[in-house]
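Before any comments, here is the structure.
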Amino acid sequence: MLRHLMALFILALVALPLGATAQDVRLPENATPSAIDRNSTGGAQNLADIERRQNGAEIDDGFRRNNLGGDASTVPGLGPLGGRSDPDLWRGIRYNELPVRVSTMNKTGRVLVQDNGMWWLNFREGPLATYGIWLLAGMLVLLAAFYLLRGRIRIEGGKVGRTVTRFKAIERFAHWMLAGSFILLALTGLATLFGRKVVIPLLGHEFNSVLLTGSKFIHNNVSWAFMIALVMVFVMWVYHNLPDRTDWTWIKQAGGFIGNNHPPAKKFNFGQKIVFWGVILLGFSVSLSGLSLLFPFEVQLFGHTFGIINDIGMAEAAGLGPLQSDLTPHAEMQYAQLWHAIIGFLMMALILGHIYIGTLGMEGAYDAMGSGEVDERWAEQHHSIWLDEVKQDNRQTPAE
């Protein structure tokens, strides 16, 4: 009997009608849109309305919001069916003007219309893609110009032939897992963003379909390796990347990139610390938004964050006014996707600079993550304090 009662209770919860919601598309307060003559359409939407909406202009939608049809008492002969057509019904749902009830307990299912997705699509295909490519192209041009002006930073006096261990095997493993996974994530992310604009015109729809299917599989699964490596790198190197007094000396001498100075540094110099903290902070942020995308509608990030920003007055101080904090689950996902891509572009620009210094830009730098052994003269010129510490430890450790 208890089991039957429990089954009835669960069934009642499932069938319980809940209020359906829709995105509120009313005008902001104090908005004064210009009047539009709708006499030619009998008060209905006309071409001027469509053009203003496509251009992002504010429109007084009262003429649509209030045009919701009749009901059984006002339309003779229709009886209990009422006088609302399908357009009237969906218009009322869109503007949250009808007391529609749904049986699902899923918050996502209770959102029947969310047309703010057009803003997401326009931003994704417009400013995001445009400025993202300009950022990467600008970084490549900057690095090319620096190489032409400065050339490769050579080891003064050449290598001495004696090496010192810079990174252990576990450190190199974590670094290359982080680097390899990030490259795969960057390439598959770019393919997803630019597939329609670039791949389809060049290689066709079928190739793009196969490419994006594979990209989605790789992106979703390789992300776990990226997050694991990010934690490993943080745990192993955070102590060595804390600020210290040697950083100011490195800054004053421009890290040796300008002139012939070799500022002293510990295991990581100030430039490497910038890369480390950039990767850690941006990587944590992109991982958090990525988890939100991996588990749709489960992780709510932006509504709560916007609420905090409003509470502490940051939005008003920036002249933005109160940010909308009661976001629909769909809007949460749209913000997560845009944030994920923006942080991804910033990380790609940062890593391009890191790759340049570690390969073409500086002689001997790649050896640190290649074999783990660096020439003593290279270490003396770029990490002299660290080299002295290593030699001191070696002298204190008795030979076997």
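Each chain of the structure tokens is named A, B, ... in the order shown, its residues numbered from 1; ligands are numbered from 1 in display order.
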Can you list, as a PyMOL selection string, all residues belonging to region 267-380 of chain A that DSSP tags as helix (DSSP H, G or I)?
chain A and resi 270-294+302-311+314-317+329-361+367-370+376-380
Write out as a Markdown table the residues of region 107-183 of chain A that have any atom within 12 Å of an atom of region 290-303 of chain A, one row each with the nearest atom pair and its distance in Å to one decimal, counting only C-alpha atoms, sorted by chain and then rising number.
```
| residue | atom | partner | partner_atom | distance |
| --- | --- | --- | --- | --- |
| A:Lys107 | CA | A:Phe297 | CA | 8.9 |
| A:Thr108 | CA | A:Phe297 | CA | 7.3 |
| A:Gly109 | CA | A:Phe297 | CA | 10.7 |
```
Sort by chain and increasing residue number a table of all residues of region 229-328 of chain A within 12 Å of region 154-162 of chain A, each with its closest pair of atoms and their distance in Å to one decimal, counting only C-alpha atoms, and write it as JSON lines.
```
{"residue": "A:Gly256", "atom": "CA", "partner": "A:Arg154", "partner_atom": "CA", "distance": 11.2}
{"residue": "A:Phe257", "atom": "CA", "partner": "A:Arg154", "partner_atom": "CA", "distance": 10.9}
{"residue": "A:Asn260", "atom": "CA", "partner": "A:Glu156", "partner_atom": "CA", "distance": 9.4}
{"residue": "A:Asn261", "atom": "CA", "partner": "A:Glu156", "partner_atom": "CA", "distance": 10.9}
{"residue": "A:His262", "atom": "CA", "partner": "A:Glu156", "partner_atom": "CA", "distance": 10.2}
```
Write the residues of the preceding selection, restricted to C-alpha atoms, as a tab-separated table (two decimals), in the first residue's frame.
```
chain	number	residue	atom	x	y	z
A	256	GLY	CA	66.55	41.34	-21.74
A	257	PHE	CA	64.42	41.59	-24.87
A	260	ASN	CA	71.89	43.10	-23.96
A	261	ASN	CA	71.10	42.87	-20.26
A	262	HIS	CA	70.43	39.54	-18.55
```
Nearest residue to Ile351 (chain A) out of A:Gln272, A:Ser215, A:Thr192, A:Asn116, using only C-alpha atoms?
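Among the listed residues, A:Gln272 lies closest to Ile351 (chain A).
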Residues within 7 Å of Asn241 (chain A), please, as a list in words. Count only C-alpha atoms; anything in the same chain fewer than 4 positions from it doesn't count.
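In the requested form, the answer reads Trp237, Phe268 and Lys273 of chain A.
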Restricted to C-alpha atoms, what would the selected residues look like written as a compact mmCIF listing (two decimals), in the first residue's frame?
```
# COMPACT_ATOMS: atom_id res chain seq x y z
CA TRP A 237 54.40 25.55 -10.23
CA PHE A 268 60.42 31.54 -13.54
CA LYS A 273 54.79 34.38 -14.43
```
Pairwise distance for CA of Ser287 (chain A) and CA of Thr213 (chain A), rounded to one decimal in Å:
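Distance between the two atoms: 21.0 Å.
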From the set A:Glu363, A:Arg395, A:Asp49, A:Phe182, which residue has the shortest atom-to-atom contact distance to Leu350 (chain A), counting only C-alpha atoms?
A:Phe182
Find, counting only C-alpha atoms, the residue in A:Asn220, A:Thr165, A:Gln253, A:Asn55 that gets nearest to Asn394 (chain A).
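Between A:Asn220, A:Thr165, A:Gln253, A:Asn55, the residue approaching Asn394 (chain A) most closely is A:Thr165.
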So which residues touch region 204-211 of chain A within 8 Å, counting only C-alpha atoms, skipping near sequence neighbours fewer than 4 positions away, as a ChimeraX atom specification?
/A:191,195-196,199-200,215
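Within the 12 Å cut-off around Met139 (chain A), using only C-alpha atoms and omitting residues fewer than 3 positions from it on the same chain, the listed residues are Gly132, Ile133, Trp134, Leu135, Leu136, Leu142, Leu143, Ala144, Ala145, Phe146, Phe345, Leu346, Met347, Met348, Ala349, Leu350, Ile351, Leu352, Gly353, His354, Ile355 and Tyr356 of chain A.
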Those selected residues, please, written with C-alpha atoms and delivered as a compact mmCIF listing (two decimals), in the first residue's frame.
```txt
# COMPACT_ATOMS: atom_id res chain seq x y z
CA GLY A 132 38.49 37.30 -32.48
CA ILE A 133 40.21 36.89 -35.84
CA TRP A 134 41.63 40.41 -35.66
CA LEU A 135 43.07 39.63 -32.23
CA LEU A 136 44.88 36.52 -33.48
CA LEU A 142 53.21 41.85 -33.70
CA LEU A 143 55.38 38.75 -33.25
CA ALA A 144 56.58 38.92 -36.86
CA ALA A 145 57.52 42.59 -36.43
CA PHE A 146 59.35 41.84 -33.17
CA PHE A 345 40.44 33.82 -28.12
CA LEU A 346 42.33 35.59 -25.32
CA MET A 347 44.10 32.33 -24.41
CA MET A 348 45.01 31.66 -28.04
CA ALA A 349 46.61 35.11 -28.35
CA LEU A 350 48.55 34.56 -25.11
CA ILE A 351 49.74 31.10 -26.14
CA LEU A 352 50.91 32.35 -29.54
CA GLY A 353 53.35 34.62 -27.73
CA HIS A 354 54.42 31.77 -25.46
CA ILE A 355 55.02 29.44 -28.42
CA TYR A 356 57.09 32.10 -30.19
```
Fewer than 2 positions away in the same chain doesn't count, so skip those; otherwise give me all residues within 9 Å of His219 (chain A), counting only C-alpha atoms, as a ChimeraX atom specification.
/A:181,184-186,188-189,214-217,221-223
Considering only C-alpha atoms, state which residue in the set A:Ile309, A:Ile153, A:Val233, A:Leu288 is at the smallest distance from Trp339 (chain A).
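Distance minimum relative to Trp339 (chain A) lands on A:Leu288.
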Just want the 8 Å neighbourhood of Gln334 (chain A), counted on only C-alpha atoms, with same-chain residues fewer than 4 positions away dropped. Output as a VMD selection string.
chain A and resid 117 120 330 338
One number please: CA of Asp244 (chain A) to CA of Ala368 (chain A), in Å, one decimal.
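CA of Ala368 (chain A) lies at a distance of 22.5 Å from CA of Asp244 (chain A).
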